[in-house]
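Undergrad: So I've got this file, coords.cif, and it contains mmCIF, C-alpha atoms:
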```cif
data_protein
loop_
_atom_site.label_atom_id
_atom_site.label_comp_id
_atom_site.auth_asym_id
_atom_site.auth_seq_id
_atom_site.Cartn_x
_atom_site.Cartn_y
_atom_site.Cartn_z
CA MET A 1 156.90 8.32 7.62
CA GLY A 2 157.78 8.66 11.31
CA ARG A 3 155.35 9.38 14.09
CA PRO A 4 154.71 13.10 14.59
CA PRO A 5 156.70 14.75 17.41
CA THR A 6 153.58 14.91 19.60
CA TYR A 7 153.95 11.24 20.56
CA ASP A 8 153.34 10.36 24.21
CA HIS A 9 156.67 9.84 26.00
CA ASP A 10 155.42 7.02 28.27
CA THR A 11 153.77 5.17 25.37
CA LEU A 12 156.97 5.44 23.38
CA LEU A 13 159.05 4.14 26.29
CA HIS A 14 156.74 1.14 26.70
CA GLU A 15 157.19 0.34 23.01
CA ILE A 16 160.97 0.67 23.38
CA ILE A 17 160.90 -1.61 26.45
CA ASP A 18 158.95 -4.26 24.51
CA CYS A 19 161.41 -4.04 21.63
CA LEU A 20 164.53 -4.31 23.81
CA TRP A 21 162.95 -6.92 26.08
CA GLU A 22 162.13 -9.21 23.18
CA ARG A 23 165.54 -9.00 21.46
CA GLY A 24 168.05 -7.73 24.02
CA TYR A 25 170.12 -4.56 23.85
CA ALA A 26 172.99 -5.84 21.72
CA ALA A 27 170.69 -7.50 19.16
CA THR A 28 168.41 -4.48 18.73
CA PRO A 29 169.67 -1.84 16.29
CA VAL A 30 168.10 1.60 16.42
CA SER A 31 166.59 0.88 12.98
CA THR A 32 164.49 -1.88 14.58
CA ILE A 33 163.28 0.51 17.28
CA VAL A 34 162.39 3.02 14.54
CA GLN A 35 160.42 0.33 12.73
CA GLU A 36 158.63 -0.90 15.87
CA THR A 37 157.76 2.53 17.30
CA GLY A 38 157.22 4.56 14.13
CA VAL A 39 159.41 7.35 15.53
CA ASN A 40 162.28 8.34 13.26
CA ALA A 41 165.89 8.01 14.38
CA ALA A 42 166.46 11.77 14.54
CA SER A 43 163.58 12.16 17.00
CA LEU A 44 164.83 9.25 19.11
CA TYR A 45 168.35 10.69 19.28
CA ALA A 46 166.99 14.16 20.04
CA ARG A 47 164.95 12.72 22.92
CA PHE A 48 167.38 10.16 24.35
CA GLY A 49 170.80 11.19 23.02
CA SER A 50 172.02 7.72 22.03
CA LYS A 51 171.10 4.04 21.95
CA LYS A 52 172.51 3.78 25.48
CA GLY A 53 170.23 6.65 26.48
CA LEU A 54 167.26 4.69 25.10
CA MET A 55 168.19 1.67 27.19
CA LEU A 56 168.76 3.70 30.35
CA ALA A 57 165.39 5.43 29.94
CA ALA A 58 163.70 2.07 29.34
CA LEU A 59 165.31 0.61 32.46
CA GLU A 60 164.22 3.65 34.49
CA MET A 61 160.60 3.35 33.35
CA TYR A 62 160.47 -0.42 33.92
CA ALA A 63 162.05 -0.11 37.38
CA LYS A 64 159.68 2.71 38.36
CA GLU A 65 156.64 0.64 37.42
CA THR A 66 158.10 -2.44 39.12
CA LEU A 67 158.59 -0.49 42.34
CA GLU A 68 155.07 0.93 42.21
CA GLY A 69 153.62 -2.54 41.64
CA LEU A 70 155.71 -4.06 44.42
CA GLU A 71 154.73 -1.33 46.86
CA ALA A 72 151.04 -1.93 46.16
CA LEU A 73 151.49 -5.70 46.45
CA LEU A 74 153.28 -5.45 49.81
CA ALA A 75 150.64 -3.05 51.15
CA SER A 76 147.87 -5.50 50.22
CA GLU A 77 149.29 -8.39 52.28
CA GLN A 78 149.86 -9.09 55.96
CA PRO A 79 153.52 -8.69 57.03
CA GLY A 80 155.87 -11.63 56.72
CA VAL A 81 154.99 -14.94 55.08
CA PRO A 82 151.99 -13.58 53.09
CA GLN A 83 154.13 -10.78 51.62
CA VAL A 84 156.95 -13.08 50.56
CA ARG A 85 154.53 -15.63 49.13
CA ALA A 86 152.77 -12.86 47.17
CA ILE A 87 156.07 -11.57 45.74
CA LEU A 88 157.08 -15.02 44.53
CA GLU A 89 153.62 -15.88 43.19
CA HIS A 90 153.66 -12.60 41.28
CA ALA A 91 157.04 -13.56 39.80
CA MET A 92 155.54 -16.89 38.74
CA GLN A 93 153.08 -15.05 36.50
CA SER A 94 155.95 -14.86 34.02
CA PHE A 95 155.52 -18.63 33.53
CA SER A 96 152.37 -17.89 31.50
CA ASP A 97 154.05 -15.38 29.15
CA PRO A 98 153.87 -17.01 25.68
CA GLN A 99 156.99 -15.08 24.63
CA ARG A 100 159.02 -16.49 27.57
CA ARG A 101 160.66 -13.10 28.14
CA GLY A 102 161.33 -13.39 31.87
CA CYS A 103 162.07 -10.00 33.48
CA PHE A 104 163.50 -6.99 31.64
CA LEU A 105 165.70 -6.00 34.61
CA VAL A 106 166.93 -9.55 35.26
CA ASN A 107 167.63 -10.10 31.56
CA SER A 108 169.60 -6.84 31.58
CA ILE A 109 171.87 -8.21 34.32
CA ALA A 110 172.77 -11.12 32.06
CA ASN A 111 173.52 -8.75 29.16
CA ILE A 112 175.72 -6.27 31.04
CA SER A 113 179.31 -6.24 29.88
CA THR A 114 182.38 -4.47 31.22
CA GLU A 115 181.99 -1.93 28.40
CA MET A 116 178.64 -0.80 29.87
CA PRO A 117 179.38 0.60 33.35
CA GLU A 118 176.40 2.95 33.16
CA PHE A 119 174.05 -0.01 32.65
CA ALA A 120 175.59 -1.89 35.55
CA ALA A 121 175.22 1.15 37.80
CA ALA A 122 171.61 1.74 36.72
CA VAL A 123 170.52 -1.88 37.19
CA SER A 124 172.36 -2.10 40.52
CA GLY A 125 170.59 1.04 41.74
CA HIS A 126 167.18 -0.24 40.65
CA MET A 127 167.77 -3.59 42.32
CA GLU A 128 168.86 -1.90 45.55
CA ARG A 129 165.64 0.16 45.63
CA ILE A 130 163.56 -2.98 45.12
CA ARG A 131 165.51 -4.77 47.86
CA ALA A 132 165.06 -1.80 50.24
CA LEU A 133 161.31 -1.91 49.73
CA ILE A 134 161.22 -5.60 50.63
CA ARG A 135 163.58 -5.07 53.57
CA ASN A 136 161.41 -2.30 55.02
CA ALA A 137 158.26 -4.37 54.57
CA LEU A 138 159.84 -7.27 56.48
CA ALA A 139 161.20 -5.13 59.32
CA GLU A 140 158.42 -6.29 61.67
CA ALA A 141 157.69 -9.64 60.04
CA PRO A 142 156.66 -12.27 62.62
CA GLY A 143 158.73 -15.42 62.74
CA LEU A 144 161.55 -14.19 60.51
CA ARG A 145 164.64 -16.36 61.11
CA VAL A 146 167.16 -13.91 59.57
CA SER A 147 167.60 -10.14 59.41
CA PRO A 148 165.23 -8.18 57.14
CA GLU A 149 168.29 -7.23 55.03
CA ASP A 150 169.27 -10.86 54.53
CA ALA A 151 165.67 -11.87 53.86
CA ALA A 152 165.23 -9.14 51.23
CA LEU A 153 168.34 -10.27 49.35
CA PHE A 154 167.27 -13.92 49.57
CA VAL A 155 163.79 -13.13 48.23
CA GLN A 156 165.19 -10.98 45.44
CA VAL A 157 167.52 -13.75 44.29
CA GLN A 158 164.62 -16.24 44.30
CA VAL A 159 162.64 -13.84 42.10
CA TRP A 160 165.58 -13.68 39.69
CA GLY A 161 165.68 -17.46 39.59
CA ILE A 162 161.94 -17.72 38.92
CA LYS A 163 162.16 -15.11 36.16
CA LEU A 164 165.05 -16.93 34.49
CA LEU A 165 163.25 -20.25 34.90
CA ALA A 166 160.25 -18.73 33.12
CA ARG A 167 162.30 -18.57 29.92
CA MET A 168 162.50 -22.39 29.85
CA GLU A 169 158.79 -23.35 29.84
CA PRO A 170 158.86 -24.69 33.41
CA ALA A 171 156.15 -26.68 35.10
CA GLU A 172 154.26 -24.64 37.69
CA ASP A 173 155.30 -27.17 40.32
CA MET A 174 158.87 -25.94 40.01
CA GLY A 175 157.84 -22.45 41.05
CA ARG A 176 155.79 -23.85 43.93
CA ILE A 177 158.87 -25.70 45.19
CA VAL A 178 160.87 -22.44 45.15
CA ILE A 179 158.11 -20.69 47.11
CA ARG A 180 157.82 -23.46 49.70
CA GLN A 181 161.55 -23.74 50.25
CA THR A 182 161.97 -19.95 50.47
CA LEU A 183 159.28 -19.66 53.14
CA ASN A 184 160.77 -22.57 55.09
CA ALA A 185 164.24 -21.05 54.92
CA LEU A 186 163.21 -17.57 56.03
CA PHE A 187 160.43 -18.17 58.58
CA THR A 188 159.77 -20.37 61.57
CA ASP A 189 157.50 -23.37 61.13
CA GLU A 190 154.91 -21.64 63.30
CA ALA A 191 154.87 -18.52 61.12
CA VAL A 192 154.51 -20.56 57.94
CA ALA A 193 151.74 -22.69 59.46
CA ALA A 194 149.87 -19.62 60.73
CA ALA A 195 149.86 -18.11 57.22
CA SER A 196 148.75 -21.32 55.46
#
```
Would you kindly transcribe this structure into structure tokens?

TA:
Amino acid sequence: MGRPPTYDHDTLLHEIIDCLWERGYAATPVSTIVQETGVNAASLYARFGSKKGLMLAALEMYAKETLEGLEALLASEQPGVPQVRAILEHAMQSFSDPQRRGCFLVNSIANISTEMPEFAAAVSGHMERIRALIRNALAEAPGLRVSPEDAALFVQVQVWGIKLLARMEPAEDMGRIVIRQTLNALFTDEAVAAAS
């Protein structure tokens, strides 16, 4: 029997995210989501419209929580080197995930096909909002060698790399190398030394 229609929308979306994150969009039939969430297919279709609607809602929820977490992280650190180091160290937490899932958004990039333009547009929009948050945080960063725009893109790509690396049971030293080289590429030696 399916879950009654009074289910909490956010709780349901988190369960859907976990299901899609573990298996990927293409490998997850709606029947699996029904089994994992306890919500019948009719209720899921009534709420989300389609399997694509489920995925888009899951991406929206994950991106929203990612942005909120990133905003709090950036606000808790001094501008510049400490912020970038904190972003990359946070990404490295995925190394300790026993399921080796990486990042739901990053994994979605790898699974986008030309038949899914709405997914591509959604992920691109979410990634741009994340990049804008980093760019704005680095606008006054001391010792930045490149523009805040370039730095934000560079940091974002390093996060993607760390998240993909996490799926391969990497040694922590590998993540530390990425962090060190990123800081050295983006900031002057003096700025890096001052934040050490």

Undergrad: Record the distance separating CA of Leu13 (chain A) and CA of Glu65 (chain A), expressed in Å with one decimal.

TA: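 Distance between the two atoms: 11.9 Å.
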
Undergrad: Quick check on the file I pasted: which residues fall under the PyMOL selection byres ((chain A and resi 126) around 9)? Write them as a ChimeraX atom specification.

TA: /A:59-60,63-64,67,105,121-125,127-131

Undergrad: Taking 6 positions as the minimum chain separation for residues in the same chain, which residues sit within 10 Å of Leu56 (chain A) when counting only C-alpha atoms? Answer as a PDB file with C-alpha atoms, keeping the file's coordinate frame.

TA:
```pdb
ATOM      1  CA  PHE A  48     167.380  10.160  24.350  1.00  0.00           C
ATOM      2  CA  SER A  50     172.020   7.720  22.030  1.00  0.00           C
ATOM      3  CA  TYR A  62     160.470  -0.420  33.920  1.00  0.00           C
ATOM      4  CA  GLU A 118     176.400   2.950  33.160  1.00  0.00           C
ATOM      5  CA  PHE A 119     174.050  -0.010  32.650  1.00  0.00           C
ATOM      6  CA  ALA A 122     171.610   1.740  36.720  1.00  0.00           C
ATOM      7  CA  VAL A 123     170.520  -1.880  37.190  1.00  0.00           C
TER       8      VAL A 123
END
```

Undergrad: Name the residues that the PyMOL selection byres ((chain A and resi 146-154) around 7) picks from the file above, as a ChimeraX atom specification, using the file's chain letters and numbers.

TA: /A:131,134-135,138-139,144-145,155-158,186

Undergrad: Skip Asn107 (chain A) itself and residues of its chain fewer than 2 positions away, then list as a list in words all residues within 10 Å of it, counting only C-alpha atoms.

TA: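 Neighbouring residues, sequence-local ones excluded: Trp21, Gly24, Tyr25, Arg101, Gly102, Cys103, Phe104, Leu105, Ile109, Ala110, Asn111, Ile112, Trp160, Lys163 and Leu164 of chain A.
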
Undergrad: Using the chain letters and numbers from the file, give me the residues hit by the PyMOL selection byres ((chain A and resi 44) around 12), as a ChimeraX atom specification.

TA: /A:2-5,7,9,12-13,16,30-31,33-35,37-43,45-55,57

Undergrad: Can I get the selected residues back with C-alpha atoms, as a JSON list (two decimals), in the frame of the given file?

TA:
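Resulting contents of selection.json:
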```json
[["chain", "number", "residue", "atom", "x", "y", "z"],
["A", 2, "GLY", "CA", 157.78, 8.66, 11.31],
["A", 3, "ARG", "CA", 155.35, 9.38, 14.09],
["A", 4, "PRO", "CA", 154.71, 13.10, 14.59],
["A", 5, "PRO", "CA", 156.70, 14.75, 17.41],
["A", 7, "TYR", "CA", 153.95, 11.24, 20.56],
["A", 9, "HIS", "CA", 156.67, 9.84, 26.00],
["A", 12, "LEU", "CA", 156.97, 5.44, 23.38],
["A", 13, "LEU", "CA", 159.05, 4.14, 26.29],
["A", 16, "ILE", "CA", 160.97, 0.67, 23.38],
["A", 30, "VAL", "CA", 168.10, 1.60, 16.42],
["A", 31, "SER", "CA", 166.59, 0.88, 12.98],
["A", 33, "ILE", "CA", 163.28, 0.51, 17.28],
["A", 34, "VAL", "CA", 162.39, 3.02, 14.54],
["A", 35, "GLN", "CA", 160.42, 0.33, 12.73],
["A", 37, "THR", "CA", 157.76, 2.53, 17.30],
["A", 38, "GLY", "CA", 157.22, 4.56, 14.13],
["A", 39, "VAL", "CA", 159.41, 7.35, 15.53],
["A", 40, "ASN", "CA", 162.28, 8.34, 13.26],
["A", 41, "ALA", "CA", 165.89, 8.01, 14.38],
["A", 42, "ALA", "CA", 166.46, 11.77, 14.54],
["A", 43, "SER", "CA", 163.58, 12.16, 17.00],
["A", 45, "TYR", "CA", 168.35, 10.69, 19.28],
["A", 46, "ALA", "CA", 166.99, 14.16, 20.04],
["A", 47, "ARG", "CA", 164.95, 12.72, 22.92],
["A", 48, "PHE", "CA", 167.38, 10.16, 24.35],
["A", 49, "GLY", "CA", 170.80, 11.19, 23.02],
["A", 50, "SER", "CA", 172.02, 7.72, 22.03],
["A", 51, "LYS", "CA", 171.10, 4.04, 21.95],
["A", 52, "LYS", "CA", 172.51, 3.78, 25.48],
["A", 53, "GLY", "CA", 170.23, 6.65, 26.48],
["A", 54, "LEU", "CA", 167.26, 4.69, 25.10],
["A", 55, "MET", "CA", 168.19, 1.67, 27.19],
["A", 57, "ALA", "CA", 165.39, 5.43, 29.94]]
```

Undergrad: Counting all atoms listed in the file, figure out which residue out of A:Pro117, A:Gly143, A:Gly69, A:Pro98 gets nearest to Ala166 (chain A).

TA: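 So, comparing all the options, the nearest one is A:Pro98.
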
Undergrad: Tell me, in Å to one decimal, how far CA of Thr182 (chain A) is from CA of Arg167 (chain A).

TA: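 Distance reported for this atom pair: 20.6 Å.
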
Undergrad: Find, counting all atoms listed in the file, the residue in A:Ala137, A:Ala132, A:Met116, A:Leu20 that gets nearest to Ser76 (chain A).

TA: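 Nearest to Ser76 (chain A): A:Ala137.
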
Undergrad: I need the residue nearest Asn136 (chain A) from this list: A:Ala171, A:Leu74, A:Val81, A:Val106. Use all atoms listed in the file for the distance.

TA: A:Leu74

Undergrad: Counting only C-alpha atoms, which of A:Glu140, A:Asp18, A:Glu89, A:Asp97 gets nearest to Arg180 (chain A)?

TA: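 Nearest to Arg180 (chain A): A:Glu89.
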